[in-house]
$ cat data_25.cif   # mmCIF, C-alpha atoms and all ligand atoms
data_input
loop_
_atom_site.label_atom_id
_atom_site.label_comp_id
_atom_site.auth_asym_id
_atom_site.auth_seq_id
_atom_site.Cartn_x
_atom_site.Cartn_y
_atom_site.Cartn_z
CA MET F 1 11.72 -0.17 -8.21
CA THR F 2 11.00 1.65 -11.44
CA CYS F 3 7.55 2.59 -12.54
CA SER F 4 7.52 1.45 -16.12
CA CYS F 5 7.78 -2.26 -15.27
CA PHE F 6 4.41 -2.19 -13.52
CA ILE F 7 2.37 -0.58 -16.27
CA VAL F 8 -0.29 -3.05 -17.42
CA PRO F 9 0.89 -4.30 -20.81
CA LYS F 10 -1.17 -2.96 -23.67
CA SER F 11 -1.81 -6.54 -24.84
CA VAL F 12 -3.56 -7.29 -21.54
CA LEU F 13 -5.66 -4.13 -21.71
CA ASP F 14 -6.60 -4.95 -25.29
CA ARG F 15 -7.63 -8.46 -24.22
CA PHE F 16 -9.86 -7.04 -21.48
CA ALA F 17 -11.29 -4.48 -23.89
CA ALA F 18 -12.31 -7.32 -26.24
CA ASP F 19 -13.56 -9.68 -23.52
CA ALA F 20 -17.29 -10.12 -24.14
CA SER F 21 -17.76 -11.51 -20.62
CA LEU F 22 -16.93 -8.08 -19.18
CA PRO F 23 -19.59 -5.38 -18.96
CA ALA F 24 -19.55 -2.75 -21.68
CA ASP F 25 -18.44 0.07 -19.39
CA SER F 26 -15.45 -1.92 -18.14
CA ARG F 27 -14.47 -2.82 -21.70
CA GLU F 28 -14.65 0.84 -22.62
CA ALA F 29 -12.48 1.74 -19.65
CA PHE F 30 -9.87 -0.81 -20.66
CA ALA F 31 -9.98 0.33 -24.27
CA ALA F 32 -9.56 3.93 -23.13
CA THR F 33 -6.64 2.99 -20.92
CA ALA F 34 -5.05 0.91 -23.67
CA SER F 35 -5.21 3.82 -26.08
CA LEU F 36 -3.86 6.10 -23.38
CA GLU F 37 -0.97 3.69 -22.84
CA THR F 38 -0.19 3.87 -26.55
CA VAL F 39 -0.24 7.65 -26.50
CA TRP F 40 1.81 7.72 -23.33
CA ARG F 41 4.42 5.33 -24.70
CA THR F 42 4.66 7.30 -27.91
CA LEU F 43 4.99 10.53 -25.99
CA ARG F 44 7.55 8.99 -23.70
CA SER F 45 9.76 7.84 -26.54
CA ALA F 46 9.36 11.24 -28.14
CA HIS F 47 10.44 12.70 -24.82
CA THR F 48 13.54 10.52 -24.75
CA GLU F 49 14.52 11.72 -28.20
CA ALA F 50 13.82 15.36 -27.48
CA SER F 51 14.54 16.07 -23.84
CA GLN F 52 13.33 19.64 -24.03
CA SER F 53 9.80 18.50 -24.82
CA ARG F 54 9.22 17.25 -21.26
CA LEU F 55 7.28 20.23 -20.01
CA ALA F 56 5.25 20.41 -23.20
CA ILE F 57 4.23 16.76 -22.90
CA ALA F 58 3.11 16.69 -19.28
CA PRO F 59 -0.06 18.84 -19.62
CA ILE F 60 -1.19 16.88 -22.70
CA VAL F 61 -0.94 13.56 -20.91
CA THR F 62 -2.73 14.88 -17.84
CA THR F 63 -5.72 16.06 -19.80
CA LEU F 64 -6.19 12.81 -21.75
CA ALA F 65 -8.30 11.30 -18.96
CA ALA F 66 -9.78 13.91 -16.68
CA ALA F 67 -10.67 11.39 -13.98
CA PRO F 68 -9.49 7.79 -13.83
CA ALA F 69 -11.94 4.92 -14.31
CA THR F 70 -12.39 2.81 -11.16
CA PRO F 71 -13.57 -0.68 -12.20
CA VAL F 72 -14.10 -3.37 -9.53
CA PHE F 73 -13.43 -7.09 -9.93
CA ASP F 74 -14.58 -9.99 -7.78
CA CYS F 75 -12.06 -12.69 -6.84
CA ASN F 76 -14.79 -14.89 -5.32
CA SER F 77 -12.35 -16.04 -2.60
CA SER F 78 -9.68 -16.99 -5.13
CA THR F 79 -6.22 -15.43 -5.29
CA SER F 80 -6.04 -14.89 -9.03
CA LEU F 81 -6.14 -11.25 -10.08
CA PRO F 82 -8.05 -9.33 -11.15
CA GLY F 83 -10.98 -11.82 -10.93
CA THR F 84 -14.23 -11.32 -12.82
CA ALA F 85 -15.58 -7.85 -13.53
CA LEU F 86 -18.34 -6.80 -11.16
CA PRO F 87 -21.36 -5.78 -13.25
CA SER F 88 -22.56 -2.20 -12.84
CA THR F 89 -25.87 -3.64 -11.59
CA SER F 90 -24.16 -5.46 -8.70
CA THR F 91 -25.51 -4.74 -5.23
CA ASP F 92 -22.35 -6.02 -3.51
CA ALA F 93 -21.71 -3.44 -0.77
CA THR F 94 -17.99 -4.21 -0.71
CA GLY F 95 -17.78 -3.63 -4.45
CA LYS F 96 -19.65 -0.34 -4.26
CA ARG F 97 -17.38 0.82 -1.45
CA ALA F 98 -14.15 -0.23 -3.20
CA GLY F 99 -15.09 1.52 -6.46
CA GLY F 100 -16.66 4.57 -4.81
CA GLU F 101 -13.81 5.16 -2.39
CA ALA F 102 -11.17 4.65 -5.12
CA ALA F 103 -12.91 7.39 -7.10
CA ALA F 104 -13.03 9.56 -3.97
CA VAL F 105 -9.30 9.09 -3.37
CA ALA F 106 -8.67 10.11 -7.00
CA GLN F 107 -10.80 13.21 -6.38
CA PHE F 108 -8.85 13.95 -3.19
CA TYR F 109 -5.53 13.84 -5.07
CA LYS F 110 -6.98 16.01 -7.84
CA ASP F 111 -8.60 18.64 -5.60
CA CYS F 112 -5.81 18.90 -3.04
CA PHE F 113 -2.69 18.33 -5.13
CA GLY F 114 -3.74 18.64 -8.78
CA ARG F 115 -2.76 15.01 -9.43
CA ASN F 116 -4.57 12.88 -12.02
CA SER F 117 -4.54 9.30 -10.65
CA VAL F 118 -1.52 7.43 -9.31
CA ASP F 119 0.62 8.09 -12.38
CA ASN F 120 -0.64 11.66 -12.92
CA ALA F 121 -1.77 10.46 -16.35
CA GLY F 122 -5.25 9.15 -15.54
CA LYS F 123 -4.29 5.50 -14.99
CA THR F 124 -7.35 3.28 -14.45
CA LEU F 125 -7.64 2.35 -10.76
CA VAL F 126 -8.51 -1.34 -10.58
CA SER F 127 -9.81 -2.81 -7.30
CA SER F 128 -10.32 -6.52 -6.64
CA ILE F 129 -12.56 -7.54 -3.74
CA HIS F 130 -13.21 -10.81 -1.88
CA TYR F 131 -9.56 -11.73 -2.45
CA GLY F 132 -8.63 -15.11 -0.92
CA ALA F 133 -10.40 -17.02 1.82
CA LYS F 134 -10.75 -15.16 5.14
CA TYR F 135 -7.82 -13.09 3.92
CA ASN F 136 -6.62 -10.67 6.61
CA ASN F 137 -4.98 -8.16 4.31
CA ALA F 138 -5.21 -5.52 1.62
CA PHE F 139 -2.38 -4.79 -0.80
CA TRP F 140 -1.14 -2.95 -3.88
CA ASN F 141 0.46 -5.37 -6.34
CA GLY F 142 2.27 -2.80 -8.45
CA SER F 143 -0.68 -2.15 -10.74
CA GLN F 144 -3.90 -2.61 -8.77
CA MET F 145 -5.46 -2.91 -5.30
CA ALA F 146 -6.76 -6.11 -3.68
CA TYR F 147 -8.93 -6.40 -0.55
CA GLY F 148 -9.60 -9.41 1.65
CA ASP F 149 -12.83 -10.00 3.57
CA GLY F 150 -10.99 -10.61 6.84
CA ASP F 151 -11.55 -13.68 9.01
CA GLY F 152 -14.58 -12.06 10.68
CA ASN F 153 -12.88 -12.52 14.03
CA ILE F 154 -9.77 -10.35 14.31
CA PHE F 155 -10.51 -8.36 11.16
CA ILE F 156 -13.56 -7.64 9.03
CA ASP F 157 -13.87 -6.50 5.38
CA PHE F 158 -10.77 -4.45 4.55
CA THR F 159 -12.76 -1.95 2.46
CA LEU F 160 -14.55 -0.75 5.61
CA SER F 161 -11.84 1.76 6.59
CA ASN F 162 -11.52 4.60 4.08
CA ASP F 163 -7.94 5.20 5.25
CA VAL F 164 -7.09 1.65 4.08
CA ILE F 165 -8.23 2.51 0.56
CA GLY F 166 -6.30 5.79 0.66
CA HIS F 167 -3.28 3.87 1.98
CA GLU F 168 -3.26 1.29 -0.83
CA LEU F 169 -3.74 3.84 -3.62
CA THR F 170 -0.98 5.98 -2.19
CA HIS F 171 1.43 3.05 -2.67
CA GLY F 172 0.68 3.58 -6.36
CA VAL F 173 1.46 7.29 -6.11
CA THR F 174 4.75 6.56 -4.29
CA GLN F 175 5.66 3.99 -6.94
CA TYR F 176 5.28 6.59 -9.69
CA THR F 177 7.06 9.39 -7.80
CA LEU F 178 9.62 8.87 -5.02
CA GLY F 179 9.87 5.18 -5.98
CA LEU F 180 10.76 4.09 -2.45
CA GLY F 181 12.06 0.57 -1.80
CA TYR F 182 10.64 -1.66 0.90
CA THR F 183 13.50 -2.13 3.36
CA ASN F 184 15.13 -0.06 6.10
CA GLN F 185 14.25 3.64 6.44
CA ALA F 186 13.04 3.90 2.82
CA GLY F 187 10.58 1.05 3.43
CA ALA F 188 9.32 2.65 6.64
CA LEU F 189 8.95 5.96 4.80
CA ASN F 190 7.02 4.14 2.04
CA GLU F 191 4.56 2.81 4.64
CA ALA F 192 4.37 6.14 6.48
CA ILE F 193 3.54 8.04 3.29
CA SER F 194 0.65 5.62 2.70
CA ASP F 195 -0.64 6.06 6.27
CA VAL F 196 -0.18 9.84 6.07
CA PHE F 197 -2.10 10.30 2.81
CA GLY F 198 -4.59 7.59 3.84
CA THR F 199 -5.47 9.43 7.05
CA MET F 200 -5.38 12.79 5.24
CA PHE F 201 -7.93 11.42 2.77
CA ARG F 202 -10.06 10.28 5.73
CA GLN F 203 -9.91 13.76 7.25
CA TRP F 204 -10.63 15.45 3.89
CA GLN F 205 -13.64 13.20 3.30
CA GLY F 206 -14.94 13.87 6.81
CA GLY F 207 -14.23 17.60 6.61
CA GLN F 208 -12.14 17.30 9.78
CA ALA F 209 -9.53 19.76 10.98
CA VAL F 210 -6.44 18.23 12.58
CA THR F 211 -7.84 18.76 16.07
CA ALA F 212 -11.07 16.89 15.24
CA ALA F 213 -9.40 13.90 13.54
CA ASP F 214 -8.80 10.56 15.30
CA TRP F 215 -5.45 9.84 13.55
CA LEU F 216 -6.24 6.10 13.71
CA ILE F 217 -5.33 3.65 10.95
CA GLY F 218 -7.62 0.67 10.36
CA SER F 219 -10.25 1.55 12.97
CA GLY F 220 -13.04 0.32 10.68
CA ILE F 221 -11.61 -3.15 10.07
CA MET F 222 -11.18 -4.31 13.66
CA GLY F 223 -13.13 -7.51 14.31
CA PRO F 224 -14.97 -8.59 17.46
CA ALA F 225 -12.03 -10.53 18.97
CA ALA F 226 -9.69 -7.55 18.57
CA LYS F 227 -12.24 -5.12 19.98
CA ALA F 228 -12.94 -7.42 22.93
CA LYS F 229 -9.28 -7.10 23.89
CA GLY F 230 -9.43 -3.31 23.76
CA TYR F 231 -7.83 -2.71 20.37
CA ASN F 232 -9.61 0.06 18.45
CA CYS F 233 -7.10 0.41 15.58
CA LEU F 234 -4.03 -1.06 13.97
CA ARG F 235 -1.94 2.06 14.32
CA ASP F 236 -2.39 5.46 15.98
CA MET F 237 -0.33 8.17 14.29
CA ALA F 238 -0.61 10.39 17.38
CA HIS F 239 0.44 7.63 19.80
CA PRO F 240 2.15 4.84 17.80
CA ASP F 241 3.21 2.94 20.94
CA ALA F 242 -0.17 3.07 22.72
CA GLY F 243 -1.81 -0.06 24.15
CA HIS F 244 -4.96 0.35 22.07
CA CYS F 245 -2.97 -0.27 18.86
CA LEU F 246 -3.07 -3.87 17.65
CA SER F 247 0.20 -3.22 15.80
CA ALA F 248 2.01 -0.87 18.17
CA GLN F 249 5.02 0.92 16.75
CA PRO F 250 8.07 2.93 17.86
CA ALA F 251 7.10 6.58 18.41
CA ASP F 252 10.56 8.10 17.95
CA PHE F 253 13.93 7.40 16.38
CA ALA F 254 15.47 6.27 19.68
CA HIS F 255 13.24 3.19 19.35
CA TYR F 256 13.93 2.50 15.66
CA VAL F 257 14.10 -1.27 15.05
CA PRO F 258 17.08 -2.08 12.78
CA GLY F 259 15.97 -4.38 9.96
CA GLY F 260 12.36 -4.11 11.17
CA ASP F 261 9.30 -4.50 8.99
CA PRO F 262 8.33 -1.24 7.21
CA HIS F 263 5.01 -1.33 9.13
CA VAL F 264 6.95 -1.17 12.41
CA ASN F 265 9.29 1.77 11.82
CA SER F 266 6.69 3.79 9.91
CA GLY F 267 5.45 4.85 13.36
CA ILE F 268 8.32 7.36 13.51
CA PRO F 269 7.54 9.44 10.38
CA ASN F 270 3.81 8.88 11.04
CA ARG F 271 4.10 10.69 14.35
CA ALA F 272 6.33 13.36 12.81
CA PHE F 273 3.48 14.18 10.40
CA TYR F 274 0.97 14.24 13.24
CA LEU F 275 3.15 16.58 15.33
CA MET F 276 3.72 19.01 12.45
CA ALA F 277 0.05 18.96 11.40
CA MET F 278 -0.97 19.83 14.97
CA ALA F 279 1.66 22.57 15.20
CA ILE F 280 0.64 24.07 11.82
CA GLY F 281 -3.07 23.58 12.51
CA GLY F 282 -6.13 23.87 10.25
CA ASN F 283 -6.85 21.14 7.71
CA SER F 284 -3.98 18.67 7.22
CA TRP F 285 -4.32 18.68 3.43
CA GLU F 286 -3.97 22.46 3.08
CA LYS F 287 -0.46 23.12 4.39
CA THR F 288 1.23 20.11 6.01
CA GLY F 289 -0.12 17.79 3.31
CA LYS F 290 1.09 20.06 0.52
CA VAL F 291 4.57 20.09 2.05
CA TRP F 292 4.65 16.27 2.16
CA TYR F 293 3.23 15.99 -1.35
CA ALA F 294 5.95 18.32 -2.66
CA ALA F 295 8.61 16.20 -0.92
CA LEU F 296 7.04 13.01 -2.32
CA THR F 297 7.01 14.31 -5.89
CA ALA F 298 10.41 16.04 -5.99
CA GLY F 299 12.11 13.16 -7.84
CA SER F 300 12.85 9.46 -7.44
CA SER F 301 15.04 8.31 -4.55
CA PRO F 302 14.45 4.60 -3.78
CA LYS F 303 16.77 4.41 -0.76
CA MET F 304 15.80 7.71 0.85
CA SER F 305 16.52 8.10 4.58
CA PHE F 306 14.26 9.82 7.12
CA LYS F 307 16.78 12.68 7.29
CA ALA F 308 16.85 13.19 3.54
CA PHE F 309 13.05 13.21 3.39
CA ALA F 310 12.94 15.67 6.31
CA LYS F 311 15.31 17.92 4.35
CA ARG F 312 12.94 17.83 1.38
CA THR F 313 9.99 18.81 3.58
CA ARG F 314 11.94 21.78 4.99
CA ALA F 315 12.80 22.96 1.49
CA ALA F 316 9.15 22.55 0.43
CA ALA F 317 7.88 24.46 3.49
CA LYS F 318 10.16 27.39 2.63
CA GLN F 319 9.30 27.33 -1.04
CA LEU F 320 5.52 26.86 -0.73
CA PHE F 321 4.87 29.06 2.30
CA PRO F 322 7.54 31.78 2.31
CA ALA F 323 5.22 34.26 4.03
CA ASP F 324 4.01 31.81 6.67
CA PRO F 325 6.91 30.93 9.01
CA THR F 326 4.65 28.75 11.19
CA VAL F 327 4.80 26.08 8.46
CA LEU F 328 8.58 25.70 8.51
CA ALA F 329 8.57 25.96 12.30
CA GLY F 330 5.92 23.21 12.48
CA VAL F 331 7.86 20.97 10.10
CA ASN F 332 11.02 21.44 12.18
CA ALA F 333 9.15 20.75 15.41
CA GLY F 334 7.64 17.57 13.97
CA TRP F 335 10.96 16.02 12.97
CA LYS F 336 12.63 17.19 16.19
CA GLY F 337 9.79 15.63 18.18
CA VAL F 338 10.60 12.16 16.82
CA GLY F 339 14.38 12.60 17.07
CA VAL F 340 15.07 13.07 13.35
CA ALA F 341 17.04 16.30 13.34
CA MET M 1 7.50 -37.57 8.74
CA ASP M 2 8.51 -34.08 7.65
CA ARG M 3 6.96 -31.06 9.26
CA LEU M 4 6.70 -27.55 7.86
CA LYS M 5 6.70 -24.61 10.22
CA ILE M 6 5.34 -21.41 8.72
CA GLU M 7 5.79 -17.89 10.07
CA ARG M 8 4.12 -14.99 8.30
CA ARG M 9 5.21 -11.35 8.44
CA GLY M 10 4.37 -8.17 6.54
CA GLY M 11 0.95 -7.29 5.19
CA PHE M 12 -1.01 -4.08 5.76
CA THR M 13 -1.70 -5.00 9.38
CA GLY M 14 1.86 -5.99 10.22
CA LEU M 15 0.38 -8.62 12.54
CA PRO M 16 2.47 -11.84 12.52
CA ALA M 17 0.92 -15.29 12.18
CA ARG M 18 2.25 -18.82 12.44
CA GLY M 19 1.28 -22.42 11.90
CA GLU M 20 2.49 -25.95 11.17
CA VAL M 21 1.68 -28.52 8.51
CA GLU M 22 2.68 -32.18 8.17
CA THR M 23 3.95 -32.78 4.66
CA ALA M 24 1.94 -36.02 4.59
CA SER M 25 -1.25 -33.93 4.65
CA LEU M 26 -0.32 -31.99 1.50
CA SER M 27 -1.56 -32.78 -1.98
CA ALA M 28 1.00 -34.11 -4.46
CA ALA M 29 0.94 -30.79 -6.31
CA ASP M 30 1.51 -28.73 -3.15
CA LEU M 31 4.28 -31.07 -2.03
CA ALA M 32 5.95 -30.69 -5.42
CA SER M 33 5.73 -26.89 -5.06
CA VAL M 34 7.38 -27.06 -1.65
CA GLU M 35 10.13 -29.36 -2.95
CA ALA M 36 10.73 -26.97 -5.83
CA LEU M 37 11.01 -24.03 -3.44
CA PHE M 38 13.64 -25.79 -1.34
CA ARG M 39 15.58 -26.79 -4.46
CA ARG M 40 16.10 -23.12 -5.37
CA LYS M 41 19.69 -21.91 -5.14
CA THR M 42 18.66 -18.32 -4.46
CA PRO M 43 15.62 -17.15 -2.49
CA PRO M 44 12.72 -15.90 -4.62
CA PRO M 45 12.25 -12.11 -4.76
CA PRO M 46 9.33 -10.64 -2.77
CA SER M 47 5.87 -10.27 -4.30
CA PRO M 48 5.62 -7.01 -6.28
CA GLY M 49 3.95 -3.94 -4.80
CA ALA M 50 3.43 -3.21 -1.10
CA ASP M 51 1.70 -4.72 1.96
CA ARG M 52 2.37 -8.23 0.67
CA PHE M 53 2.90 -11.18 3.02
CA ILE M 54 6.24 -12.96 3.34
CA PHE M 55 6.36 -16.46 4.78
CA SER M 56 9.36 -17.96 6.50
CA LEU M 57 9.07 -21.66 5.70
CA SER M 58 11.08 -24.18 7.77
CA ARG M 59 11.26 -27.82 6.76
CA HIS M 60 12.03 -30.03 9.75
CA ARG M 61 13.46 -33.42 8.78
CA GLU M 62 15.57 -36.03 10.51
CA SER M 63 18.54 -34.75 8.55
CA GLY M 64 18.05 -31.20 9.83
CA VAL M 65 16.14 -27.98 9.33
CA GLN M 66 16.03 -25.85 6.18
CA THR M 67 14.51 -22.37 6.25
CA MET M 68 13.66 -19.95 3.45
CA ASP M 69 11.59 -16.83 2.82
CA VAL M 70 8.73 -17.36 0.38
CA PRO M 71 6.61 -14.51 -1.08
CA GLU M 72 2.87 -15.05 -0.80
CA HIS M 73 2.32 -15.43 -4.55
CA LEU M 74 4.56 -18.52 -4.59
CA LEU M 75 3.21 -20.28 -1.49
CA PRO M 76 0.52 -22.96 -1.94
CA ALA M 77 -2.83 -21.87 -0.45
CA ALA M 78 -2.85 -24.90 1.89
CA LEU M 79 0.27 -23.51 3.58
CA ALA M 80 -0.73 -19.84 3.52
CA GLY M 81 -4.08 -20.81 5.05
CA ALA M 82 -2.44 -22.85 7.84
CA VAL M 83 -1.24 -19.82 9.79
CA LYS M 84 -3.19 -18.01 12.50
CA GLU M 85 -2.69 -14.60 14.04
CA GLU M 86 -2.39 -14.40 17.80
CA LEU M 87 -3.67 -11.31 19.50
CA PRO M 88 -0.97 -9.77 21.69
ZN ZN K 1 1.25 -0.23 3.01
#

$ encode --input "data_25.cif" --output "structure tokens" --more "lines below"
Ligand SMILES: [Zn+2]
Amino acid sequence: MTCSCFIVPKSVLDRFAADASLPADSREAFAATASLETVWRTLRSAHTEASQSRLAIAPIVTTLAAAPATPVFDCNSSTSLPGTALPSTSTDATGKRAGGEAAAVAQFYKDCFGRNSVDNAGKTLVSSIHYGAKYNNAFWNGSQMAYGDGDGNIFIDFTLSNDVIGHELTHGVTQYTLGLGYTNQAGALNEAISDVFGTMFRQWQGGQAVTAADWLIGSGIMGPAAKAKGYNCLRDMAHPDAGHCLSAQPADFAHYVPGGDPHVNSGIPNRAFYLMAMAIGGNSWEKTGKVWYAALTAGSSPKMSFKAFAKRTRAAAKQLFPADPTVLAGVNAGWKGVGVA
Amino acid sequence: MDRLKIERRGGFTGLPARGEVETASLSAADLASVEALFRRKTPPPPSPGADRFIFSLSRHRESGVQTMDVPEHLLPAALAGAVKEELP
């Protein structure tokens, strides 16, 4: 999976920018993104011709849009994306949450890791809400996020868990960095990275140290039927195989499911992150998160194995925290704890 | 009468779902979409991005059973909406 194929074509952005049915601020956002795309493409071709210009280009691109726009669209229960632009005067609570939390995730990536949007070039973060009828899912389609309302029984509105919004946006970050595929260990790692940064965003927003966090994924979207059966989350990064998880997962490599869905085997690296964050202590985004972010952004590797990713985190721990041996020790303990040596 | 069995996997929740539909209950357009899917020589690639649903579609006929994986963006809504999750 390469990144360039998912960039919204400039022709589409131009069409949105000229669409009189869209509110003025959305049209401006699309126009700004379209012009940024032009600049980016020009810079990229310049980069190809003059390989030494790479480092000179990066800071220019990053400063073009200081913070990404976060427009919200309403699918009105249809499955065509993006839907119709939600006016800025809308009182739709789901819309406010989707746009507000997308902006907060962008702020999280900027404050904690110095990243400007999913592509590190200020890409507009489009969210579509009320996707499908009773749709029990949220997804990243390669260029935007989409959220279902849930069936109201097993699941409710998928924008109600801030870790879900962090999870979906992180798929965008992974797409533009490590470029992980969606099968085998690479697929599981793809899902784990989204859960890890999703829960880290949740902790950052709540000002929670690792010992105060719940480490639950999807706790805010559980519907009455799921709760009645004792499920309080989809996944628990601390205890992936626990009975209170609606989608229980393997907790260590001895229980890896060959050919399993990425959302199954992600339990293994999820728990590795939990174990190292607890061993290192403090706020997850300050040390453990920085190690994982460095590993995530150290170059594309679509078929990366757990072991290879673990190796990257060890290298990052040494490089980022040379004077703090508890970080490397924590990273080692985390991987050892899930049987990835 | 042909019967379609549908099993869903994937998605953010990872929770499977399944259902069945009689082809006689489908609209002509949906039936044509299903026929077109089963005429394919190679399975369609998954929907782009992440956390997308994949549906395993089995067509049960007197002549036998055919099964294929269909990404959610290619499955008619009448079929995608026919599956239900079961709480474990
Ligand atoms: Zn995901």

$ atom_distance --input "data_25.cif" --atom1 "atom CA of F:Thr211" --atom2 "atom CA of F:Phe306"
25.5 Å

$ residues_near_ligand --input "data_25.cif" --ligand "ligand ZN 1 (chain K)" --cutoff "10 Å" --atoms "only C-alpha atoms and all ligand atoms" --output "VMD selection string"
(chain F and resid 138 to 140 164 166 to 171 182 187 to 188 190 to 195 198 262 to 263 266) or (chain M and resid 10 to 14 49 to 52)

$ atom_distance --input "data_25.cif" --atom1 "atom CA of F:Leu180" --atom2 "atom CA of F:Gln205"
26.7 Å

$ atom_distance --input "data_25.cif" --atom1 "atom CA of F:Tyr109" --atom2 "atom CA of F:Ala93"
24.1 Å

$ residues_around --input "data_25.cif" --residues "F:Phe113" --least-positions-apart "6" --cutoff "10 Å" --atoms "all atoms listed in the file" --output "list of chain:residue names"
F:Gln107, F:Trp285, F:Glu286, F:Gly289, F:Lys290, F:Tyr293, F:Ala294

$ closest_residue --input "data_25.cif" --among "M:Pro46, M:Arg61, M:Leu26, M:Leu15" --to "chain F" --atoms "only C-alpha atoms"
M:Leu15

$ residues_around --input "data_25.cif" --residues "F:Arg235" --least-positions-apart "4" --cutoff "10 Å" --atoms "all atoms listed in the file" --output "PDB file with C-alpha atoms, in the coordinates of the input"
ATOM      1  CA  ASP F 195      -0.640   6.060   6.270  1.00  0.00           C
ATOM      2  CA  TRP F 215      -5.450   9.840  13.550  1.00  0.00           C
ATOM      3  CA  LEU F 216      -6.240   6.100  13.710  1.00  0.00           C
ATOM      4  CA  ILE F 217      -5.330   3.650  10.950  1.00  0.00           C
ATOM      5  CA  GLY F 218      -7.620   0.670  10.360  1.00  0.00           C
ATOM      6  CA  SER F 219     -10.250   1.550  12.970  1.00  0.00           C
ATOM      7  CA  TYR F 231      -7.830  -2.710  20.370  1.00  0.00           C
ATOM      8  CA  HIS F 239       0.440   7.630  19.800  1.00  0.00           C
ATOM      9  CA  PRO F 240       2.150   4.840  17.800  1.00  0.00           C
ATOM     10  CA  ASP F 241       3.210   2.940  20.940  1.00  0.00           C
ATOM     11  CA  ALA F 242      -0.170   3.070  22.720  1.00  0.00           C
ATOM     12  CA  HIS F 244      -4.960   0.350  22.070  1.00  0.00           C
ATOM     13  CA  CYS F 245      -2.970  -0.270  18.860  1.00  0.00           C
ATOM     14  CA  LEU F 246      -3.070  -3.870  17.650  1.00  0.00           C
ATOM     15  CA  SER F 247       0.200  -3.220  15.800  1.00  0.00           C
ATOM     16  CA  ALA F 248       2.010  -0.870  18.170  1.00  0.00           C
ATOM     17  CA  GLN F 249       5.020   0.920  16.750  1.00  0.00           C
ATOM     18  CA  HIS F 263       5.010  -1.330   9.130  1.00  0.00           C
ATOM     19  CA  VAL F 264       6.950  -1.170  12.410  1.00  0.00           C
ATOM     20  CA  SER F 266       6.690   3.790   9.910  1.00  0.00           C
ATOM     21  CA  GLY F 267       5.450   4.850  13.360  1.00  0.00           C
ATOM     22  CA  ASN F 270       3.810   8.880  11.040  1.00  0.00           C
TER      23      ASN F 270
ATOM     24  CA  THR M  13      -1.700  -5.000   9.380  1.00  0.00           C
ATOM     25  CA  GLY M  14       1.860  -5.990  10.220  1.00  0.00           C
TER      26      GLY M  14
END

$ axis_aligned_box --input "data_25.cif" --around "stretch 271-281 of chain F" --padding-each-side "6 Å" --output "JSON"
{"center_x": 1.6, "center_y": 17.4, "center_z": 12.9, "size_x": 21.4, "size_y": 25.4, "size_z": 16.9}

$ closest_residue --input "data_25.cif" --among "M:Pro71, M:Asp2, M:Leu87, M:Pro44" --to "M:Ser56" --atoms "all atoms listed in the file"
M:Pro71

$ closest_residue --input "data_25.cif" --among "M:Ala80, M:Thr67, M:Ala17, M:Glu22" --to "M:Phe38" --atoms "only C-alpha atoms"
M:Thr67
